[in-house]
Each structure stands twice: as C-alpha cells, then as structure tokens.
$ cat final_6.cif   # mmCIF, C-alpha atoms
data_target
loop_
_atom_site.label_atom_id
_atom_site.label_comp_id
_atom_site.auth_asym_id
_atom_site.auth_seq_id
_atom_site.Cartn_x
_atom_site.Cartn_y
_atom_site.Cartn_z
CA MET A 1 11.82 119.76 105.87
CA GLY A 2 9.05 118.24 103.77
CA ALA A 3 9.08 114.87 102.08
CA VAL A 4 10.88 114.34 98.79
CA ALA A 5 9.12 112.48 95.99
CA PRO A 6 10.75 109.11 95.23
CA SER A 7 11.59 107.67 91.84
CA SER A 8 9.41 104.78 90.71
CA SER A 9 12.27 102.32 91.18
CA SER A 10 13.30 103.42 94.65
CA VAL A 11 12.79 101.44 97.85
CA ALA A 12 10.80 103.41 100.40
CA PRO A 13 12.67 104.56 103.50
CA LEU A 14 11.71 102.76 106.68
CA PHE A 15 9.98 104.90 109.29
CA LEU A 16 10.02 103.20 112.71
CA VAL A 17 7.74 104.70 115.35
CA ASP A 18 8.32 104.20 119.07
CA GLY A 19 4.60 103.74 119.67
CA PHE A 20 4.42 104.04 123.45
CA ASN A 21 6.72 107.05 123.48
CA VAL A 22 4.52 108.90 120.97
CA LEU A 23 1.28 107.78 122.63
CA TRP A 24 2.35 108.87 126.14
CA ARG A 25 3.74 112.20 124.98
CA GLY A 26 0.63 112.82 122.91
CA HIS A 27 -1.79 111.99 125.70
CA PHE A 28 -0.07 114.12 128.33
CA GLY A 29 1.35 116.84 126.10
CA PHE A 30 -1.34 117.61 123.52
CA PRO A 31 -2.35 121.29 123.48
CA ALA A 32 -5.97 120.55 124.44
CA PRO A 33 -7.88 117.45 125.57
CA ILE A 34 -10.06 115.71 123.01
CA PHE A 35 -13.39 114.28 124.21
CA SER A 36 -16.19 112.31 122.62
CA ARG A 37 -19.25 114.30 121.59
CA ASP A 38 -21.07 113.32 124.77
CA LYS A 39 -18.01 114.43 126.81
CA GLN A 40 -17.90 111.05 128.54
CA ARG A 41 -14.74 109.64 126.96
CA ASN A 42 -11.30 111.25 126.89
CA LEU A 43 -9.88 110.43 123.45
CA THR A 44 -6.76 112.60 123.69
CA GLY A 45 -4.15 109.85 123.47
CA LEU A 46 -5.67 108.18 120.42
CA PHE A 47 -6.31 111.47 118.61
CA ALA A 48 -2.87 112.84 119.49
CA PHE A 49 -1.02 109.70 118.38
CA PHE A 50 -2.40 109.91 114.85
CA ALA A 51 -2.11 113.69 114.77
CA LEU A 52 1.58 113.57 115.74
CA LEU A 53 2.35 110.75 113.33
CA ARG A 54 0.59 112.51 110.48
CA VAL A 55 2.22 115.90 111.02
CA THR A 56 5.65 114.31 111.44
CA LEU A 57 5.35 112.53 108.11
CA ARG A 58 4.16 115.75 106.51
CA ASP A 59 6.58 118.25 108.02
CA ASP A 60 9.64 116.52 109.47
CA LEU A 61 10.52 113.52 107.34
CA ASP A 62 13.69 114.41 105.41
CA THR A 63 13.32 111.50 103.01
CA ALA A 64 10.87 110.16 100.45
CA PRO A 65 7.40 108.86 101.53
CA ALA A 66 8.11 105.99 103.86
CA GLU A 67 7.12 102.49 104.85
CA ILE A 68 5.78 102.88 108.39
CA CYS A 69 6.05 100.37 111.21
CA VAL A 70 4.79 101.25 114.69
CA VAL A 71 6.71 99.33 117.36
CA LEU A 72 5.20 98.70 120.79
CA ASP A 73 6.66 97.49 124.08
CA GLY A 74 5.62 93.96 124.96
CA GLU A 75 3.75 93.46 128.24
CA HIS A 76 6.73 91.55 129.65
CA GLY A 77 9.36 93.31 127.59
CA SER A 78 11.43 94.63 130.49
CA VAL A 79 11.33 91.47 132.63
CA GLU A 80 14.77 90.24 131.59
CA ARG A 81 16.43 93.56 132.38
CA LYS A 82 14.56 93.84 135.69
CA ASP A 83 15.77 90.38 136.59
CA THR A 84 19.31 91.69 136.04
CA ASP A 85 18.68 94.90 138.00
CA ALA A 86 15.58 95.32 140.13
CA ASP A 87 15.96 99.11 139.97
CA TYR A 88 15.64 99.20 136.17
CA LYS A 89 12.75 101.60 135.34
CA ALA A 90 11.57 101.28 138.95
CA ASN A 91 11.09 105.05 139.05
CA ARG A 92 8.30 105.03 136.48
CA GLU A 93 4.84 105.81 137.79
CA SER A 94 2.28 103.02 137.73
CA THR A 95 -0.70 104.93 139.10
CA PRO A 96 -4.01 104.76 137.21
CA ALA A 97 -3.47 108.32 136.01
CA ALA A 98 0.01 107.56 134.69
CA LEU A 99 -1.24 104.48 132.85
CA GLU A 100 -4.24 106.19 131.22
CA PRO A 101 -2.79 105.91 127.69
CA LEU A 102 -2.96 102.10 127.88
CA GLN A 103 -6.70 102.33 127.22
CA PHE A 104 -5.92 103.43 123.66
CA LEU A 105 -3.75 100.48 122.68
CA THR A 106 -6.54 98.29 121.31
CA PRO A 107 -8.26 101.00 119.25
CA MET A 108 -4.86 102.26 118.06
CA LYS A 109 -4.00 98.81 116.72
CA GLU A 110 -7.45 98.49 115.14
CA ALA A 111 -6.97 101.81 113.38
CA LEU A 112 -3.47 100.93 112.16
CA ASP A 113 -4.85 97.70 110.72
CA ALA A 114 -7.78 99.50 109.13
CA TYR A 115 -5.50 101.94 107.31
CA GLY A 116 -2.84 99.42 106.29
CA ILE A 117 -0.11 100.58 108.68
CA ALA A 118 2.16 97.86 110.09
CA TRP A 119 2.73 97.44 113.81
CA VAL A 120 4.86 95.05 115.86
CA GLU A 121 4.41 94.00 119.48
CA ILE A 122 6.45 91.13 120.94
CA ASP A 123 5.39 90.07 124.41
CA ASP A 124 8.89 89.64 125.86
CA ALA A 125 10.69 92.47 124.04
CA GLU A 126 10.99 96.19 124.59
CA ALA A 127 10.29 98.43 121.62
CA ASP A 128 13.85 99.72 121.40
CA ASP A 129 15.20 96.17 121.09
CA VAL A 130 12.78 95.50 118.23
CA VAL A 131 13.80 98.75 116.56
CA GLY A 132 17.47 97.90 117.08
CA THR A 133 16.88 94.52 115.45
CA LEU A 134 15.11 96.05 112.45
CA VAL A 135 17.87 98.65 111.99
CA HIS A 136 20.43 95.84 112.09
CA ARG A 137 18.36 93.78 109.62
CA TYR A 138 17.77 96.53 107.05
CA THR A 139 21.23 98.00 106.68
CA ASP A 140 20.46 98.75 103.03
CA ARG A 141 17.50 100.99 103.88
CA THR A 142 17.28 104.64 104.81
CA ILE A 143 15.73 104.60 108.28
CA ARG A 144 14.10 107.26 110.42
CA ILE A 145 13.10 106.61 114.04
CA MET A 146 10.38 108.69 115.71
CA SER A 147 11.04 108.96 119.44
CA ALA A 148 12.17 111.32 122.17
CA ASP A 149 14.09 108.50 123.89
CA GLN A 150 17.84 109.11 123.84
CA ASP A 151 18.54 105.36 123.98
CA TYR A 152 18.10 105.40 120.21
CA TYR A 153 21.22 107.54 119.82
CA GLN A 154 23.24 104.31 119.74
CA LEU A 155 21.60 103.44 116.40
CA LEU A 156 22.48 106.66 114.57
CA ALA A 157 24.51 106.13 111.42
CA GLY A 158 25.29 108.98 109.03
CA GLU A 159 22.55 109.68 106.51
CA GLN A 160 21.17 106.17 106.81
CA VAL A 161 19.78 106.24 110.37
CA ARG A 162 18.48 109.42 111.96
CA ILE A 163 16.01 110.21 114.72
CA ILE A 164 13.02 112.53 114.62
CA ASN A 165 12.09 114.06 117.97
CA ARG A 166 9.04 116.32 117.87
CA SER A 167 9.73 117.52 121.41
CA ARG A 168 12.38 119.82 119.93
CA LYS A 169 11.82 122.98 117.93
CA ALA A 170 11.20 122.49 114.22
CA SER A 171 14.74 123.24 113.04
CA LYS A 172 16.25 120.76 115.51
CA ARG A 173 13.90 117.78 115.24
CA ILE A 174 16.15 115.61 113.08
CA ILE A 175 19.00 114.21 115.18
CA THR A 176 22.19 112.94 113.57
CA ASP A 177 25.28 111.14 114.80
CA ALA A 178 27.30 114.28 114.08
CA GLU A 179 25.11 116.31 116.44
CA VAL A 180 25.41 113.71 119.20
CA HIS A 181 29.20 113.70 118.87
CA GLU A 182 29.35 117.50 118.89
CA ARG A 183 27.03 117.83 121.87
CA TYR A 184 28.16 114.90 124.04
CA GLY A 185 31.65 114.11 122.77
CA VAL A 186 30.90 110.45 122.05
CA THR A 187 29.89 108.36 119.06
CA PRO A 188 26.67 106.30 118.80
CA ASP A 189 28.68 103.14 119.48
CA GLN A 190 29.89 104.66 122.75
CA TRP A 191 26.45 105.79 123.91
CA PRO A 192 25.78 102.83 126.26
CA ASP A 193 29.28 103.26 127.77
CA TYR A 194 28.63 106.97 128.25
CA ARG A 195 25.25 106.33 129.90
CA ALA A 196 26.75 103.71 132.18
CA LEU A 197 29.13 106.34 133.54
CA THR A 198 26.77 109.32 133.68
CA GLY A 199 23.52 107.54 134.45
CA ASP A 200 20.14 107.60 132.76
CA LYS A 201 17.23 108.99 134.77
CA SER A 202 14.59 107.70 132.35
CA ASP A 203 15.67 104.08 132.98
CA ASN A 204 16.64 104.69 136.61
CA LEU A 205 20.33 103.96 136.05
CA PRO A 206 22.29 106.02 138.61
CA GLY A 207 25.71 106.14 136.96
CA VAL A 208 28.90 106.68 138.92
CA LYS A 209 28.69 109.30 141.64
CA GLY A 210 30.75 112.34 140.71
CA ILE A 211 31.05 111.44 137.02
CA GLY A 212 29.38 114.05 134.88
CA ALA A 213 28.99 114.45 131.13
CA LYS A 214 32.35 116.15 130.53
CA THR A 215 34.34 113.67 132.60
CA ALA A 216 32.68 110.73 130.89
CA ALA A 217 33.35 112.19 127.45
CA ASP A 218 37.00 112.84 128.36
CA LEU A 219 37.43 109.27 129.58
CA LEU A 220 35.96 107.90 126.35
CA ALA A 221 37.76 110.35 124.05
CA GLY A 222 39.17 108.92 120.86
CA GLY A 223 36.54 106.19 120.60
CA LEU A 224 37.56 104.36 123.77
CA THR A 225 35.02 101.92 125.19
CA LEU A 226 34.58 100.51 128.68
CA ASP A 227 36.24 97.31 127.52
CA ARG A 228 39.52 99.22 127.12
CA LEU A 229 39.05 101.93 129.74
CA ARG A 230 40.71 100.17 132.69
CA ALA A 231 43.86 99.46 130.68
CA SER A 232 44.02 102.99 129.27
CA GLY A 233 45.63 104.65 132.28
CA ARG A 234 42.82 107.19 132.43
CA LEU A 235 41.23 106.02 135.67
CA THR A 236 43.23 108.25 137.99
CA GLY A 237 42.45 110.29 141.08
CA THR A 238 39.25 110.16 143.07
CA LYS A 239 37.04 109.91 139.99
CA GLY A 240 39.03 107.00 138.64
CA ALA A 241 38.81 105.32 142.02
CA ALA A 242 35.04 105.84 142.06
CA ILE A 243 34.70 104.13 138.68
CA GLU A 244 36.94 101.26 139.77
CA ALA A 245 34.86 100.78 142.92
CA ALA A 246 31.64 100.67 140.88
CA TRP A 247 33.07 98.70 137.95
CA THR A 248 30.73 95.69 138.21
CA ASP A 249 27.74 98.03 138.34
CA VAL A 250 29.08 100.10 135.44
CA LEU A 251 29.27 97.05 133.19
CA ARG A 252 25.75 96.02 134.22
CA TRP A 253 24.40 99.49 133.47
CA ARG A 254 26.16 99.42 130.10
CA ASP A 255 24.52 96.11 129.24
CA LEU A 256 21.11 97.38 130.35
CA SER A 257 21.52 100.39 128.06
CA ARG A 258 22.54 98.38 125.03
CA MET A 259 19.80 97.60 122.54
CA ARG A 260 19.46 94.05 121.37
CA ARG A 261 19.87 93.33 117.66
CA ASP A 262 18.66 89.72 117.72
CA VAL A 263 14.96 89.82 118.62
CA PRO A 264 12.99 87.26 116.56
CA VAL A 265 10.81 89.75 114.68
CA ALA A 266 8.46 88.00 112.26
CA TRP A 267 7.43 91.18 110.46
CA GLN A 268 9.19 91.76 107.17
CA ALA A 269 9.39 95.12 105.42
CA THR A 270 7.95 95.25 101.90
CA GLY A 271 9.96 98.17 100.56
CA GLN A 272 6.75 99.92 99.55
CA ALA A 273 5.51 103.20 101.00
CA SER A 274 2.61 102.87 103.43
CA PRO A 275 -0.81 104.33 102.60
CA ALA A 276 -1.35 107.98 103.44
CA LEU A 277 -2.54 108.57 106.98
CA PRO A 278 -6.02 110.01 107.47
CA LYS A 279 -6.90 112.98 109.62
CA PRO A 280 -7.08 111.95 113.29
CA ALA A 281 -10.76 112.94 113.43
CA ASP A 282 -11.44 110.50 110.59
CA VAL A 283 -9.68 107.75 112.57
CA ILE A 284 -11.95 108.37 115.56
CA GLU A 285 -14.98 108.39 113.26
CA LYS A 286 -14.00 105.12 111.59
CA LEU A 287 -13.67 103.44 114.98
CA GLY A 288 -17.10 104.74 116.01
CA LEU A 289 -15.74 106.46 119.09
CA TRP A 290 -17.14 109.96 118.62
#
$ encode --input "final_6.cif" --output "structure tokens"
Amino acid sequence: MGAVAPSSSSVAPLFLVDGFNVLWRGHFGFPAPIFSRDKQRNLTGLFAFFALLRVTLRDDLDTAPAEICVVLDGEHGSVERKDTDADYKANRESTPAALEPLQFLTPMKEALDAYGIAWVEIDDAEADDVVGTLVHRYTDRTIRIMSADQDYYQLLAGEQVRIINRSRKASKRIITDAEVHERYGVTPDQWPDYRALTGDKSDNLPGVKGIGAKTAADLLAGGLTLDRLRASGRLTGTKGAAIEAAWTDVLRWRDLSRMRRDVPVAWQATGQASPALPKPADVIEKLGLW
C-alpha cells in the first residue's frame, strides 16, 4: 500500500529502521552484487540498504510520509545479555565473510547525515532495546518498524505499532498484532513468554525440549504469562514436568527475549517528516565511492 498524504497539522508517523537487520539482509540477499566502476570495491550492502529503505517508504508504508530514524546495534550492546547467558547469540557467525557488511557502517552514517536522516547508535545497547524505548516514549505516535526480526512482535499494538518485513511477499509485509495472535495463539505481551518455552534460533535460546508452538500457545491461552503459569494447574504430564525442571532457565530466556524500555536515548523525534530519500546510486555518487 502506498503512502497517504498527511494534513498540514498532522504529526508525522515514526518510522524506525532496524539498521543492521536491513544492511545484512541487503548485502547478502540483493538480487545482484553492486561494484564500483573499477570493479575493485563491492558496494552491495551500502547500495542495497538505501534501495530497500527507499522502496519500503514508497511501496509498503501504510501511513503518511514519516519521520525516519535508523537504529543500530552498539558495539557492546549484547554484553549484558551474554553475561547473563554465555550462549546468547553464540551461534552467529563471526567469520570475515559474515561480517562483510560492517565495512559499510561509516559511509552509511555519513550518507544518512548528508541527507538529513536521523540515526541512533548507543555503545552498550542493542537496537531492539532502543526501538523498544522509543516505542514506549512515543505512545502518541503512529509507529512502523522495519525489520525481519520477530523479537519486535512484542511491541505490536493495534493500528499504532506495526512491523514492515520486506522478506515477505508484498501483500503480507505489514505485520499486525491480530496476525500474530491468529498465527501463534499469543498476544504481543506474551511473546517473550512464548519464546522462552519454544526457543528462538536467531538468539540461540533453546527453549524447553519437547515444547512446540501449539503446546506453548495452549499453556499461555487466555493471556496467561509465565508469572502465573505454575499456579495455573496447566503444568501436567511429561511436558509439564519438563517445564518445571527447566524453570530457572525458562525465566532467564524470557528475560533475555524481553526488550528494554528504559535505554537513555538522547535523540528526540521532531514530529516532522524526514527529507525524501535519494536514489541509491546518487548516495554512492555523493560519497565519491563509484
């Protein structure tokens, strides 16, 4: 769905971009590699980031032209969670090939600055915690989050907060809380509880052995949370025993999955729509990288 023109008195919706998620998916998933004219530099990640952001704003945003903020993971953003659980994200590749997109961070920031697009990077905070904080701060704003990370499902809230995932086909790119409830049987508030039981491969959280999606949804039916699960009488049989045996781990996994809402983010939204994004080729040209 295309963008809707705002009235002159309206406050622009807030469009929060999970920068690393878009950059990585662009670099490794773009239809064709993009090289400098001398063929010596692979520019795919940088080109793809701005191409994906531009086409999303043009084709997928279901609100008025938005105020954009690109949110990046801090270098030490996951340290606190890793101190709690050494296995947290331990499955993510750290080979030179896997980390190739990092080379585009500096020019990406330079380009965002050059075109008047806000970005936030806090050294000791993960991007999703920053996004969670901004969603909590701007409860009076329509918010769209661009990411393929399901952790953001816990932030969904009616028409106010929705997610745009360009990894899905065009008619399914906007994700709502109603869809999550229909598909998984849980509400956004229950998402960390659900993930604690079922596991989350992307963050290397194993979940409880033998507890699948349907069982977890049944256990949490009616809006039940882990805080009330043990007293509910639902932990019966071998599956109930498995959850009881792993209870300390389950609570830790739940806490690892929960987004923070209290990160000290200095950036303040203006309420004004961001400038129009240029063509990605023009970004590369402006940076003198062709």
$ closest_residue --input "final_6.cif" --among "A:Leu205, A:Ala196, A:Val55, A:Leu102" --to "A:Leu220" --atoms "all atoms listed in the file"
A:Ala196
$ residues_around --input "final_6.cif" --residues "stretch 226-233 of chain A" --least-positions-apart "6" --cutoff "12 Å" --atoms "only C-alpha atoms" --output "MDAnalysis selection string"
chainID A and resid 189:197 216:220 240:241 243:245 247:248 250:255
$ resolve_selection --input "final_6.cif" --expression "the PyMOL selection byres ((chain A and resi 289) around 10)" --output "CSV table (one decimal) with C-alpha atoms, keeping the file's coordinate frame"
chain,number,residue,atom,x,y,z
A,35,PHE,CA,-13.4,114.3,124.2
A,36,SER,CA,-16.2,112.3,122.6
A,37,ARG,CA,-19.2,114.3,121.6
A,41,ARG,CA,-14.7,109.6,127.0
A,43,LEU,CA,-9.9,110.4,123.4
A,107,PRO,CA,-8.3,101.0,119.2
A,281,ALA,CA,-10.8,112.9,113.4
A,283,VAL,CA,-9.7,107.8,112.6
A,284,ILE,CA,-12.0,108.4,115.6
A,285,GLU,CA,-15.0,108.4,113.3
A,286,LYS,CA,-14.0,105.1,111.6
A,287,LEU,CA,-13.7,103.4,115.0
A,288,GLY,CA,-17.1,104.7,116.0
A,290,TRP,CA,-17.1,110.0,118.6
$ residues_around --input "final_6.cif" --residues "A:Asp85" --least-positions-apart "2" --cutoff "9 Å" --atoms "only C-alpha atoms" --output "PyMOL selection string"
chain A and resi 80-83+87-88+252-253+256
$ residues_around --input "final_6.cif" --residues "stretch 171-183 of chain A" --least-positions-apart "2" --cutoff "12 Å" --atoms "only C-alpha atoms" --output "NGL selection string"
:A and (1-2 or 56 or 59-63 or 143-169 or 185-191 or 194 or 213-214 or 217 or 220-223)
$ atom_distance --input "final_6.cif" --atom1 "atom CA of A:Gly271" --atom2 "atom CA of A:Pro13"
7.5 Å
$ resolve_selection --input "final_6.cif" --expression "the PyMOL selection byres ((chain A and resi 280) around 8)" --output "ChimeraX atom specification"
/A:47-48,50-51,278-279,281-284
$ write_last_selection --input "final_6.cif" --atoms "C-alpha atoms" --output "PDB file, in the coordinates of the input"
ATOM      1  CA  PHE A  47      -6.310 111.470 118.610  1.00  0.00           C
ATOM      2  CA  ALA A  48      -2.870 112.840 119.490  1.00  0.00           C
ATOM      3  CA  PHE A  50      -2.400 109.910 114.850  1.00  0.00           C
ATOM      4  CA  ALA A  51      -2.110 113.690 114.770  1.00  0.00           C
ATOM      5  CA  PRO A 278      -6.020 110.010 107.470  1.00  0.00           C
ATOM      6  CA  LYS A 279      -6.900 112.980 109.620  1.00  0.00           C
ATOM      7  CA  ALA A 281     -10.760 112.940 113.430  1.00  0.00           C
ATOM      8  CA  ASP A 282     -11.440 110.500 110.590  1.00  0.00           C
ATOM      9  CA  VAL A 283      -9.680 107.750 112.570  1.00  0.00           C
ATOM     10  CA  ILE A 284     -11.950 108.370 115.560  1.00  0.00           C
TER      11      ILE A 284
END
